[in-house]
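Structure data (mmCIF, C-alpha atoms and all ligand atoms) from protein28.cif:
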```cif
data_query
loop_
_atom_site.label_atom_id
_atom_site.label_comp_id
_atom_site.auth_asym_id
_atom_site.auth_seq_id
_atom_site.Cartn_x
_atom_site.Cartn_y
_atom_site.Cartn_z
CA MET R 1 19.15 14.70 8.89
CA LYS R 2 19.46 12.15 6.04
CA ILE R 3 17.05 9.26 6.41
CA LEU R 4 17.29 6.01 4.47
CA VAL R 5 13.85 4.51 3.80
CA LEU R 6 13.76 0.81 2.94
CA ASN R 7 10.93 -1.34 1.64
CA CYS R 8 12.25 -4.90 1.49
CA GLY R 9 9.97 -7.27 -0.41
CA SER R 10 10.45 -11.01 -0.93
CA SER R 11 12.61 -10.46 -4.05
CA SER R 12 13.12 -6.70 -4.15
CA ILE R 13 14.44 -3.75 -2.15
CA LYS R 14 13.04 -0.27 -2.81
CA PHE R 15 15.00 2.58 -1.27
CA GLN R 16 14.99 6.33 -0.91
CA VAL R 17 17.16 8.82 0.94
CA LEU R 18 15.33 11.93 2.14
CA LYS R 19 16.66 15.03 3.83
CA MET R 20 14.41 15.72 6.80
CA PRO R 21 12.64 17.73 8.05
CA GLU R 22 12.94 19.55 4.68
CA GLU R 23 11.31 16.51 3.04
CA LYS R 24 13.73 16.69 0.12
CA LEU R 25 14.13 13.49 -1.86
CA LEU R 26 17.87 12.97 -2.50
CA ILE R 27 17.84 9.64 -4.35
CA LYS R 28 15.50 6.76 -5.07
CA GLY R 29 16.01 3.30 -6.48
CA VAL R 30 15.11 -0.35 -6.57
CA ILE R 31 16.81 -3.73 -6.73
CA GLU R 32 14.61 -6.37 -8.32
CA ARG R 33 14.93 -10.14 -8.82
CA ILE R 34 17.07 -10.64 -5.72
CA GLY R 35 18.36 -14.23 -5.65
CA GLU R 36 18.37 -14.54 -9.47
CA GLU R 37 21.27 -14.38 -11.92
CA ASN R 38 20.07 -11.18 -13.57
CA SER R 39 19.03 -8.87 -10.75
CA ILE R 40 18.13 -5.36 -11.89
CA ILE R 41 19.55 -2.40 -10.00
CA GLU R 42 18.19 1.05 -10.74
CA SER R 43 18.69 4.38 -9.04
CA LYS R 44 18.30 8.00 -9.98
CA ASN R 45 18.23 11.57 -8.80
CA GLU R 46 18.53 15.01 -10.34
CA TYR R 47 22.27 14.53 -11.03
CA HIS R 48 22.59 10.97 -12.26
CA LYS R 49 20.71 7.88 -13.44
CA MET R 50 21.97 4.32 -13.35
CA LYS R 51 20.76 0.86 -14.41
CA LEU R 52 22.78 -2.31 -13.85
CA ASN R 53 22.24 -6.02 -14.38
CA GLU R 54 24.28 -8.11 -12.00
CA PRO R 55 23.49 -10.89 -9.56
CA VAL R 56 22.38 -9.82 -6.08
CA LEU R 57 22.29 -13.09 -4.19
CA ASN R 58 20.30 -12.17 -1.11
CA HIS R 59 18.96 -9.26 0.95
CA GLU R 60 22.27 -8.83 2.82
CA LYS R 61 24.05 -8.31 -0.51
CA GLY R 62 21.19 -6.08 -1.61
CA ILE R 63 21.59 -3.77 1.39
CA GLU R 64 25.37 -3.68 0.80
CA LYS R 65 24.63 -2.63 -2.80
CA VAL R 66 22.19 0.11 -1.72
CA LEU R 67 24.76 1.51 0.71
CA SER R 68 27.49 1.51 -1.94
CA LEU R 69 25.19 3.23 -4.46
CA ILE R 70 24.12 6.11 -2.29
CA ILE R 71 27.71 7.18 -1.63
CA LYS R 72 28.64 7.23 -5.33
CA PRO R 73 30.03 10.73 -6.02
CA GLU R 74 27.92 11.08 -9.22
CA PHE R 75 24.71 11.19 -7.15
CA LYS R 76 26.05 13.88 -4.75
CA VAL R 77 23.92 12.45 -1.90
CA MET R 78 26.60 11.88 0.74
CA ASN R 79 30.33 11.28 1.02
CA ASP R 80 30.20 8.83 3.87
CA ILE R 81 27.56 6.31 4.84
CA LYS R 82 27.82 7.60 8.42
CA GLU R 83 25.85 10.64 7.27
CA ILE R 84 22.70 8.48 7.51
CA GLY R 85 21.00 9.61 10.71
CA ALA R 86 18.34 6.90 10.84
CA ILE R 87 16.74 4.13 8.79
CA GLY R 88 12.97 3.77 8.39
CA HIS R 89 11.68 0.32 7.38
CA ARG R 90 8.31 -0.56 5.97
CA VAL R 91 7.15 -3.63 7.91
CA VAL R 92 3.98 -5.22 6.61
CA HIS R 93 2.57 -6.90 9.72
CA GLY R 94 2.73 -5.69 13.28
CA GLY R 95 -0.03 -7.98 14.56
CA GLU R 96 -1.98 -6.60 17.50
CA GLU R 97 1.18 -5.35 19.18
CA PHE R 98 1.85 -2.12 17.32
CA SER R 99 -0.57 0.72 16.81
CA ASP R 100 2.20 3.14 15.83
CA SER R 101 5.72 3.24 14.46
CA VAL R 102 8.50 2.20 16.86
CA ILE R 103 12.25 2.35 17.33
CA ILE R 104 13.54 -1.15 16.63
CA ASN R 105 15.05 -3.02 19.57
CA GLU R 106 15.35 -6.71 20.48
CA LYS R 107 11.75 -6.86 21.68
CA VAL R 108 10.44 -5.35 18.44
CA ILE R 109 12.50 -7.85 16.42
CA ASP R 110 11.00 -10.70 18.47
CA VAL R 111 7.46 -9.45 17.79
CA ILE R 112 8.15 -9.10 14.05
CA LYS R 113 9.45 -12.71 14.13
CA SER R 114 6.37 -13.89 16.01
CA THR R 115 4.15 -12.27 13.38
CA ILE R 116 5.75 -14.21 10.49
CA PRO R 117 2.89 -16.80 10.39
CA LEU R 118 0.49 -13.90 9.68
CA ALA R 119 2.60 -12.49 6.81
CA PRO R 120 4.83 -15.35 5.60
CA LEU R 121 5.79 -13.63 2.35
CA HIS R 122 6.50 -10.15 3.69
CA ASN R 123 7.71 -10.11 7.29
CA PRO R 124 10.74 -12.40 6.72
CA ALA R 125 11.99 -10.03 3.99
CA ASN R 126 11.37 -6.96 6.17
CA LEU R 127 13.30 -8.64 8.97
CA LYS R 128 16.22 -9.52 6.68
CA GLY R 129 16.50 -5.84 5.77
CA ILE R 130 16.52 -4.80 9.41
CA LEU R 131 19.18 -7.36 10.37
CA ALA R 132 21.36 -6.55 7.36
CA CYS R 133 21.28 -2.83 8.23
CA ARG R 134 22.15 -3.65 11.78
CA SER R 135 25.30 -5.47 10.76
CA GLU R 136 26.27 -2.96 8.04
CA LEU R 137 25.42 0.19 10.02
CA PRO R 138 25.72 -0.70 13.70
CA GLY R 139 24.57 2.04 16.06
CA ILE R 140 22.36 3.84 13.52
CA PRO R 141 18.79 3.88 14.86
CA GLN R 142 16.20 1.93 12.89
CA ILE R 143 12.47 2.50 12.92
CA ALA R 144 9.66 0.12 11.92
CA VAL R 145 6.58 1.60 10.26
CA PHE R 146 3.83 -1.03 10.06
CA ASP R 147 1.18 -1.36 7.33
CA THR R 148 -1.23 -2.70 9.93
CA ALA R 149 -0.65 -0.10 12.69
CA PHE R 150 -3.07 2.57 11.46
CA HIS R 151 -5.96 0.07 11.52
CA GLN R 152 -5.46 -0.91 15.16
CA THR R 153 -8.18 1.62 16.04
CA LEU R 154 -10.87 -0.58 14.42
CA PRO R 155 -13.56 -1.45 16.98
CA ASP R 156 -13.90 -5.16 17.81
CA TYR R 157 -17.22 -5.40 15.97
CA ALA R 158 -15.37 -4.33 12.81
CA PHE R 159 -12.28 -6.50 13.22
CA ARG R 160 -13.74 -9.81 14.45
CA TYR R 161 -15.04 -12.50 12.10
CA ALA R 162 -18.15 -14.53 12.94
CA ILE R 163 -16.30 -17.79 13.52
CA PRO R 164 -15.76 -19.48 16.92
CA LYS R 165 -13.78 -17.30 19.32
CA THR R 166 -11.19 -20.07 19.80
CA TYR R 167 -9.63 -19.20 16.42
CA TYR R 168 -9.16 -15.59 17.42
CA GLU R 169 -7.61 -16.66 20.70
CA ARG R 170 -5.46 -19.45 19.27
CA HIS R 171 -4.33 -17.94 15.95
CA LYS R 172 -5.30 -14.25 16.24
CA ILE R 173 -7.62 -14.63 13.25
CA ARG R 174 -9.19 -11.17 12.87
CA ARG R 175 -9.21 -8.26 10.43
CA TYR R 176 -5.89 -6.39 10.47
CA GLY R 177 -6.06 -4.24 7.35
CA PHE R 178 -3.08 -3.11 5.28
CA HIS R 179 -1.82 -0.05 3.31
CA GLY R 180 -2.24 1.82 6.62
CA THR R 181 0.68 4.19 5.96
CA SER R 182 -0.94 5.28 2.71
CA HIS R 183 -4.50 5.62 4.09
CA LYS R 184 -3.19 7.73 6.97
CA TYR R 185 -1.05 9.91 4.70
CA VAL R 186 -3.80 10.75 2.18
CA ALA R 187 -6.37 11.29 4.95
CA GLY R 188 -4.04 13.92 6.46
CA ILE R 189 -3.73 15.74 3.14
CA GLY R 190 -7.48 15.36 2.53
CA ALA R 191 -8.23 17.16 5.79
CA GLU R 192 -5.90 20.00 4.72
CA ILE R 193 -7.71 20.33 1.37
CA LEU R 194 -11.06 20.41 3.18
CA ARG R 195 -9.57 23.04 5.53
CA LYS R 196 -10.69 21.04 8.53
CA ASP R 197 -9.03 19.70 11.62
CA ILE R 198 -8.59 15.98 10.90
CA LYS R 199 -10.49 15.33 14.16
CA ASP R 200 -13.59 16.80 12.49
CA THR R 201 -13.42 14.77 9.28
CA LYS R 202 -15.16 11.64 7.98
CA LEU R 203 -13.21 10.27 5.04
CA ILE R 204 -13.31 7.29 2.73
CA THR R 205 -9.84 6.56 1.33
CA ALA R 206 -9.46 4.23 -1.66
CA HIS R 207 -5.89 3.00 -2.16
CA LEU R 208 -6.21 1.39 -5.60
CA GLY R 209 -2.91 -0.02 -6.83
CA ASN R 210 -2.09 -3.53 -7.92
CA GLY R 211 -3.24 -4.36 -4.39
CA ALA R 212 -6.30 -2.35 -3.39
CA SER R 213 -8.05 -1.47 -0.15
CA ILE R 214 -10.55 1.07 1.09
CA SER R 215 -10.92 2.55 4.58
CA ALA R 216 -13.47 4.47 6.61
CA ILE R 217 -11.62 7.10 8.65
CA GLN R 218 -13.38 9.05 11.37
CA GLY R 219 -11.57 11.89 13.12
CA GLY R 220 -8.26 10.61 11.76
CA ASN R 221 -8.82 7.06 13.06
CA SER R 222 -9.43 4.05 10.85
CA ILE R 223 -12.78 2.52 11.86
CA ASP R 224 -13.08 -0.05 9.09
CA THR R 225 -11.05 -1.31 6.15
CA SER R 226 -11.58 -3.82 3.38
CA MET R 227 -8.44 -5.96 3.64
CA GLY R 228 -8.72 -8.46 6.43
CA PHE R 229 -6.68 -11.22 8.02
CA THR R 230 -4.60 -11.10 4.84
CA PRO R 231 -4.42 -8.62 1.93
CA LEU R 232 -6.74 -10.90 -0.10
CA GLU R 233 -10.08 -9.68 1.23
CA GLY R 234 -12.09 -6.77 -0.12
CA LEU R 235 -11.93 -5.04 -3.49
CA ILE R 236 -11.06 -6.55 -6.85
CA MET R 237 -7.30 -6.16 -7.33
CA GLY R 238 -4.75 -6.68 -10.11
CA THR R 239 -4.37 -10.41 -9.50
CA ARG R 240 -6.38 -10.99 -6.28
CA SER R 241 -10.04 -11.93 -6.16
CA GLY R 242 -11.05 -9.83 -3.15
CA ASP R 243 -14.31 -10.90 -1.47
CA LEU R 244 -15.89 -14.16 -2.46
CA ASP R 245 -18.13 -16.79 -0.87
CA PRO R 246 -15.80 -18.97 1.26
CA ALA R 247 -17.80 -22.01 0.17
CA ILE R 248 -16.28 -21.59 -3.32
CA LEU R 249 -12.95 -22.73 -1.86
CA ILE R 250 -14.49 -25.92 -0.51
CA PHE R 251 -16.28 -26.50 -3.81
CA LEU R 252 -13.05 -26.06 -5.79
CA GLU R 253 -11.15 -28.34 -3.47
CA LYS R 254 -13.73 -31.09 -3.97
CA ASN R 255 -14.61 -30.61 -7.63
CA GLU R 256 -11.32 -29.44 -9.16
CA ASN R 257 -9.14 -31.41 -6.77
CA LEU R 258 -7.23 -28.24 -5.80
CA SER R 259 -4.85 -28.26 -2.84
CA ALA R 260 -4.57 -25.43 -0.30
CA ASP R 261 -1.50 -24.14 -2.20
CA ASP R 262 -3.35 -24.29 -5.54
CA ILE R 263 -6.22 -22.23 -4.08
CA ASP R 264 -3.76 -19.76 -2.57
CA GLN R 265 -2.13 -19.29 -5.99
CA LEU R 266 -5.48 -19.08 -7.77
CA LEU R 267 -6.93 -16.37 -5.54
CA ASN R 268 -3.76 -14.32 -5.01
CA LYS R 269 -1.99 -14.58 -8.35
CA ARG R 270 -4.48 -15.57 -11.08
CA SER R 271 -7.70 -13.78 -10.13
CA GLY R 272 -8.87 -10.15 -10.01
CA VAL R 273 -8.47 -8.09 -13.18
CA LEU R 274 -5.99 -10.68 -14.53
CA GLY R 275 -8.47 -13.53 -14.09
CA LEU R 276 -11.36 -11.61 -15.61
CA PHE R 277 -9.55 -9.76 -18.39
CA GLY R 278 -6.41 -11.79 -19.17
CA GLN R 279 -3.89 -9.23 -17.91
CA ASN R 280 -3.80 -6.86 -14.98
CA ASP R 281 -2.48 -3.54 -16.27
CA MET R 282 -5.29 -1.01 -15.84
CA ARG R 283 -3.81 1.13 -18.63
CA ILE R 284 -4.63 -1.60 -21.17
CA LEU R 285 -8.06 -2.15 -19.61
CA GLU R 286 -8.70 1.58 -19.90
CA GLU R 287 -7.53 1.73 -23.53
CA LYS R 288 -9.86 -1.12 -24.52
CA TYR R 289 -12.68 0.35 -22.44
CA TYR R 290 -12.45 3.58 -24.45
CA ALA R 291 -12.30 1.53 -27.69
CA GLY R 292 -15.67 -0.02 -26.78
CA ASP R 293 -14.36 -3.54 -26.09
CA ALA R 294 -17.24 -5.43 -24.42
CA LEU R 295 -15.03 -7.42 -22.03
CA ALA R 296 -13.13 -4.29 -20.95
CA ILE R 297 -16.42 -2.45 -20.29
CA PHE R 298 -17.67 -5.41 -18.23
CA VAL R 299 -14.47 -5.66 -16.13
CA MET R 300 -14.21 -1.90 -15.52
CA THR R 301 -17.87 -1.87 -14.46
CA LEU R 302 -17.37 -4.84 -12.15
CA TYR R 303 -14.31 -3.16 -10.59
CA ALA R 304 -16.27 0.08 -10.06
CA TYR R 305 -19.36 -1.73 -8.80
CA ARG R 306 -17.44 -3.56 -6.07
CA LEU R 307 -15.82 -0.29 -5.06
CA VAL R 308 -19.21 1.43 -4.94
CA LYS R 309 -20.60 -1.24 -2.59
CA TYR R 310 -17.82 -0.51 -0.10
CA ILE R 311 -18.23 3.26 -0.45
CA GLY R 312 -21.94 2.87 0.33
CA ALA R 313 -21.17 0.70 3.36
CA TYR R 314 -18.51 3.08 4.68
CA ASN R 315 -20.70 6.10 4.06
CA ALA R 316 -23.23 4.33 6.30
CA VAL R 317 -20.79 3.48 9.10
CA LEU R 318 -19.37 7.02 9.04
CA GLY R 319 -22.85 8.52 9.15
CA GLY R 320 -22.12 10.40 5.92
CA ALA R 321 -18.62 11.00 4.55
CA ASP R 322 -17.14 14.44 3.79
CA ALA R 323 -14.92 13.14 1.01
CA LEU R 324 -13.92 10.18 -1.09
CA ILE R 325 -10.17 10.08 -1.71
CA TYR R 326 -8.52 8.16 -4.55
CA THR R 327 -4.86 7.23 -4.39
CA ALA R 328 -2.18 4.82 -5.78
CA GLY R 329 -1.51 3.71 -9.38
CA VAL R 330 -5.09 2.95 -10.42
CA GLY R 331 -6.83 5.51 -8.17
CA GLU R 332 -4.59 8.37 -9.32
CA ASN R 333 -4.64 7.52 -13.02
CA THR R 334 -7.94 6.03 -14.16
CA PRO R 335 -10.56 8.69 -15.05
CA PRO R 336 -13.20 6.26 -16.43
CA LEU R 337 -13.24 4.36 -13.14
CA ARG R 338 -13.79 7.56 -11.14
CA GLU R 339 -16.49 8.58 -13.61
CA LEU R 340 -18.31 5.25 -13.29
CA VAL R 341 -18.19 5.44 -9.49
CA ALA R 342 -19.60 8.98 -9.56
CA LYS R 343 -22.47 7.80 -11.82
CA PHE R 344 -23.32 5.00 -9.40
CA LEU R 345 -23.26 7.43 -6.46
CA ALA R 346 -25.21 10.33 -7.95
CA HIS R 347 -28.13 9.49 -5.61
CA MET R 348 -25.86 10.32 -2.63
CA GLY R 349 -25.33 13.78 -4.06
CA LEU R 350 -21.78 12.93 -5.21
CA SER R 351 -20.74 14.44 -8.51
CA ILE R 352 -17.41 15.12 -10.21
CA ASN R 353 -16.13 17.69 -12.67
CA ASN R 354 -15.72 15.46 -15.73
CA GLU R 355 -13.33 17.75 -17.58
CA LEU R 356 -11.01 17.95 -14.59
CA ASN R 357 -11.37 14.23 -13.89
CA ASN R 358 -10.14 13.42 -17.39
CA LYS R 359 -7.06 15.58 -16.91
CA VAL R 360 -6.02 13.97 -13.64
CA ILE R 361 -3.53 11.34 -14.77
CA ARG R 362 -0.02 11.34 -13.26
CA TYR R 363 -0.88 14.74 -11.85
CA GLY R 364 1.70 14.54 -9.10
CA GLU R 365 -0.20 16.74 -6.70
CA PRO R 366 -3.56 16.61 -4.89
CA VAL R 367 -6.60 17.72 -6.91
CA ASP R 368 -10.21 18.32 -5.90
CA ILE R 369 -12.24 16.91 -8.82
CA SER R 370 -15.64 17.41 -7.13
CA GLY R 371 -18.56 18.69 -9.13
CA LYS R 372 -20.06 22.04 -8.24
CA ASP R 373 -22.32 21.60 -5.17
CA SER R 374 -21.31 17.93 -4.72
CA LYS R 375 -22.34 16.86 -1.22
CA ILE R 376 -19.37 14.52 -0.93
CA LYS R 377 -16.06 15.81 -2.25
CA THR R 378 -13.93 13.64 -4.54
CA LEU R 379 -10.19 14.16 -4.12
CA VAL R 380 -7.29 12.56 -6.00
CA ILE R 381 -4.23 12.55 -3.75
CA PRO R 382 -0.91 10.97 -4.79
CA THR R 383 0.29 8.70 -2.03
CA ASN R 384 3.86 8.85 -0.74
CA GLU R 385 4.48 6.02 1.69
CA GLU R 386 8.24 6.66 1.73
CA LEU R 387 7.75 10.24 2.85
CA ALA R 388 5.30 9.07 5.53
CA ILE R 389 7.92 6.57 6.77
CA ALA R 390 10.62 9.28 6.77
CA ARG R 391 8.32 11.60 8.75
CA ASP R 392 7.62 8.96 11.41
CA THR R 393 11.33 8.13 11.55
CA CYS R 394 12.26 11.78 12.01
CA ILE R 395 9.63 12.29 14.75
CA LEU R 396 10.72 9.21 16.69
CA ILE R 397 14.43 10.05 16.47
CA ARG R 398 13.85 13.62 17.65
CA SER R 399 11.66 12.52 20.55
P1 LIG B 1 0.70 0.64 -7.59
O1 LIG B 1 0.53 -0.72 -6.98
O2 LIG B 1 0.15 1.76 -6.78
O3 LIG B 1 2.13 0.89 -8.06
O4 LIG B 1 -0.18 0.63 -8.93
C1 LIG B 1 0.16 -0.18 -10.02
C2 LIG B 1 -0.99 -0.24 -11.03
O5 LIG B 1 -1.44 1.09 -11.36
C3 LIG B 1 -0.58 -0.85 -12.34
O6 LIG B 1 -0.81 -2.23 -12.32
C4 LIG B 1 -1.45 -0.18 -13.35
O7 LIG B 1 -2.57 -1.01 -13.55
C5 LIG B 1 -1.92 1.10 -12.68
N1 LIG B 1 -1.43 2.29 -13.36
C6 LIG B 1 -0.24 2.87 -13.28
N2 LIG B 1 -0.15 3.96 -14.08
C7 LIG B 1 -1.34 4.06 -14.68
C8 LIG B 1 -1.88 4.97 -15.64
N3 LIG B 1 -1.17 5.99 -16.13
N4 LIG B 1 -3.17 4.76 -16.05
C9 LIG B 1 -3.90 3.72 -15.55
N5 LIG B 1 -3.42 2.84 -14.63
C10 LIG B 1 -2.16 3.00 -14.22
#
```
Show how you would write the structure in this file as C-alpha cells.
Amino acid sequence: MKILVLNCGSSSIKFQVLKMPEEKLLIKGVIERIGEENSIIESKNEYHKMKLNEPVLNHEKGIEKVLSLIIKPEFKVMNDIKEIGAIGHRVVHGGEEFSDSVIINEKVIDVIKSTIPLAPLHNPANLKGILACRSELPGIPQIAVFDTAFHQTLPDYAFRYAIPKTYYERHKIRRYGFHGTSHKYVAGIGAEILRKDIKDTKLITAHLGNGASISAIQGGNSIDTSMGFTPLEGLIMGTRSGDLDPAILIFLEKNENLSADDIDQLLNKRSGVLGLFGQNDMRILEEKYYAGDALAIFVMTLYAYRLVKYIGAYNAVLGGADALIYTAGVGENTPPLRELVAKFLAHMGLSINNELNNKVIRYGEPVDISGKDSKIKTLVIPTNEELAIARDTCILIRS
C-alpha cells in the first residue's frame, strides 16, 4: 500500500510517500513559504530531483501541488493518484482526547478544532491539510497521528501544575508534552538495541532539534516529559528559552513595558541558543566551541548543563535508567554536547566511547556509543517521524 504522509506547518507542507509494510520511501519533499510570492517547492527520490520557485497561495493549493508532483512520470512513484491507499497526518495537539492515532472522521475533526486554542499556530494548519485532502481525494482514509498522544500516560502528579484547579478545569492548563511520535519511535528502537522487551525498559529519550524535549519512558510509557502546556517549557532550544522563573515575565512587562505578544515573541523566537549566542545553528556553535571561543564554550556548557539536570531528575523518577537516547538534528550530530553530558554524569557510572562519539555525525543508523562497562548506555538513534506516522496509518487501515 502507498501511504502519503503529510506534515502541514503554518507556512510549509512536508510530504513523503512510503510503500508499506515494506517501509520503502518512494519520494520526499517540502513546500516552504506558503502564502508568499516566492514559495519554494522541492522534491526528490532515487530517480529525479526537482526545485521550483512559484507562488503557492494557501494550503489547498499546496496539497494540489503535492498531488501533482507525486504522479510526475520522472519520479516513477505512481501513475494515478488513486494508488494512494491512505494519508497519515501529523497533528500537533490532540488535547486530552487522544492517547493514540485515530482514523479521521467528523468527531475527530471537531476535537482538532476544539484544540486550536491550545496550539494556535499548528492545529489550524494541520486541519487545513486534512480538509484539503478530503476535497482532493474523497473516500481515501485519513489518519491523525498526534504529537501529544504518547504523553497521555503521564500520571496526574507529573502533568498538573501547582496553580488553582479552576484553571485546569476551565482551560485544561496542564502538561501535554510534544515530539511524542519521535520519543516513542526511538524508545522502540532503543529497546531492540538493548535486546529487551520494551515493557522491561527504563529509558530517557532526548529529542534535540531546533525544538527540544526530553522524556522519561518506563515500560514503553511516557511518565514525564519536559515540554509542558506549550512547546516552550523545558530544555534550552534553538530560539526558545525553555524553563525560566515565571516572575521574569511580570518583571519584563512592568520594567520593559512589554505586551503579552512581545513576551511571546521574545521567549519563542529570540531566546535559547539564538538569544545567548546570536544565531541558533548548532553547527556554528560547535565550530566556535572547537576553536576555543569563550562565548561558544559558555553556551554549549549551559545547553549541556540544563540537559543534565533533566537527565538526573528523570533517572530519579525512573529509579535508574537503562539508557540515554539522543535523537534529532542536534542530538544526532553534536559530539561535544554528548561528551560534556557524559562528563557531568560520570558519577552515575555513565561513560561514552569518545572515539565512536566523535564519528557519530549524520550516521543514518542507530549507534551504541556507550563506554565499556558504562552503567547507563548512551545510544544515538536517528528519528523518523514520517515512518512512525506511516506505520500507525498502515496498522489502523488494516485493522
Ligand atoms: P531538527 O529540528 O531536528 O531538524 O534539527 C535542526 C537543528 O539541528 C539545526 O538547527 C542545527 O542546529 C542542528 N544540526 C543539524 N545538522 C547538524 C550537524 N551536522 N551538526 C550539528 N548540528 C546540526
As JSON, what would the box around region 353-364 of chain R look like: edges along x, y and z, 6 Å added on every side, centre and edge lengths in Å to one decimal?
```
{"center_x": -7.2, "center_y": 14.6, "center_z": -13.3, "size_x": 29.8, "size_y": 18.6, "size_z": 20.5}
```
Output as JSON lines one row per residue of region 123-158 of chain R within 12 Å of region 12-16 of chain R: the closest atom pair and its distance in Å to one decimal place, counting all atoms listed in the file, sorted by chain and residue number ascending.
```
{"residue": "R:Ala125", "atom": "CA", "partner": "R:Ser12", "partner_atom": "CA", "distance": 8.9}
{"residue": "R:Asn126", "atom": "CA", "partner": "R:Ile13", "partner_atom": "CA", "distance": 9.4}
{"residue": "R:Lys128", "atom": "CA", "partner": "R:Ile13", "partner_atom": "CA", "distance": 10.7}
{"residue": "R:Gly129", "atom": "CA", "partner": "R:Ile13", "partner_atom": "CA", "distance": 8.4}
{"residue": "R:Ile130", "atom": "CA", "partner": "R:Ile13", "partner_atom": "CA", "distance": 11.8}
```
*Mind checking which residues fall within 7 Å of Phe146 (chain R), counting only C-alpha atoms, ignoring those fewer than 6 positions away in the same chain, and posting them as a list in words?*
Arg90, Val91, Val92, His93, Gly94 and Ser101 of chain R
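What separates CA of Tyr176 (chain R) from CA of Cys8 (chain R) is a distance of 20.3 Å.
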_Protein and nucleic residues near ligand LIG 1 (chain B), 10 Å, only C-alpha atoms and all ligand atoms, as a VMD selection string_ = chain R and resid 207 to 212 237 to 239 273 279 to 287 327 to 337 360 to 363 382 to 383
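Distances to Thr230 (chain R) were evaluated for R:Ser99, R:Ser351, R:Asn268, R:Asn384 using only C-alpha atoms, and the minimum falls at R:Asn268.
The nearest approach to Pro155 (chain R) among the residues R:Gln218, R:Gln265, R:Ser182, R:Ser135, with all atoms listed in the file taken into account, belongs to R:Gln218.
Using all atoms listed in the file, the nearest neighbour of Val66 (chain R) within the list R:Lys359, R:Lys82, R:Lys269, R:Lys28 is R:Lys28.
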_Residue among R:Ile389, R:Ile193, R:Ile352, R:Ile27 lying closest to Ile71 (chain R), counting all atoms listed in the file_ = R:Ile27
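All residues of protein, DNA or RNA that reach within 6 Å of Asn53 (chain R), judged by only C-alpha atoms and not counting those fewer than 5 positions away in the chain, are R:Asn38, R:Ser39, R:Ile40.
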*Using all atoms listed in the file, what residues lie at most 12 Å away from (-16.3, -5.4, -18.9) (file coordinates), given as an MDAnalysis selection string?*
chainID R and resid 273 276:278 285:286 288:305 337
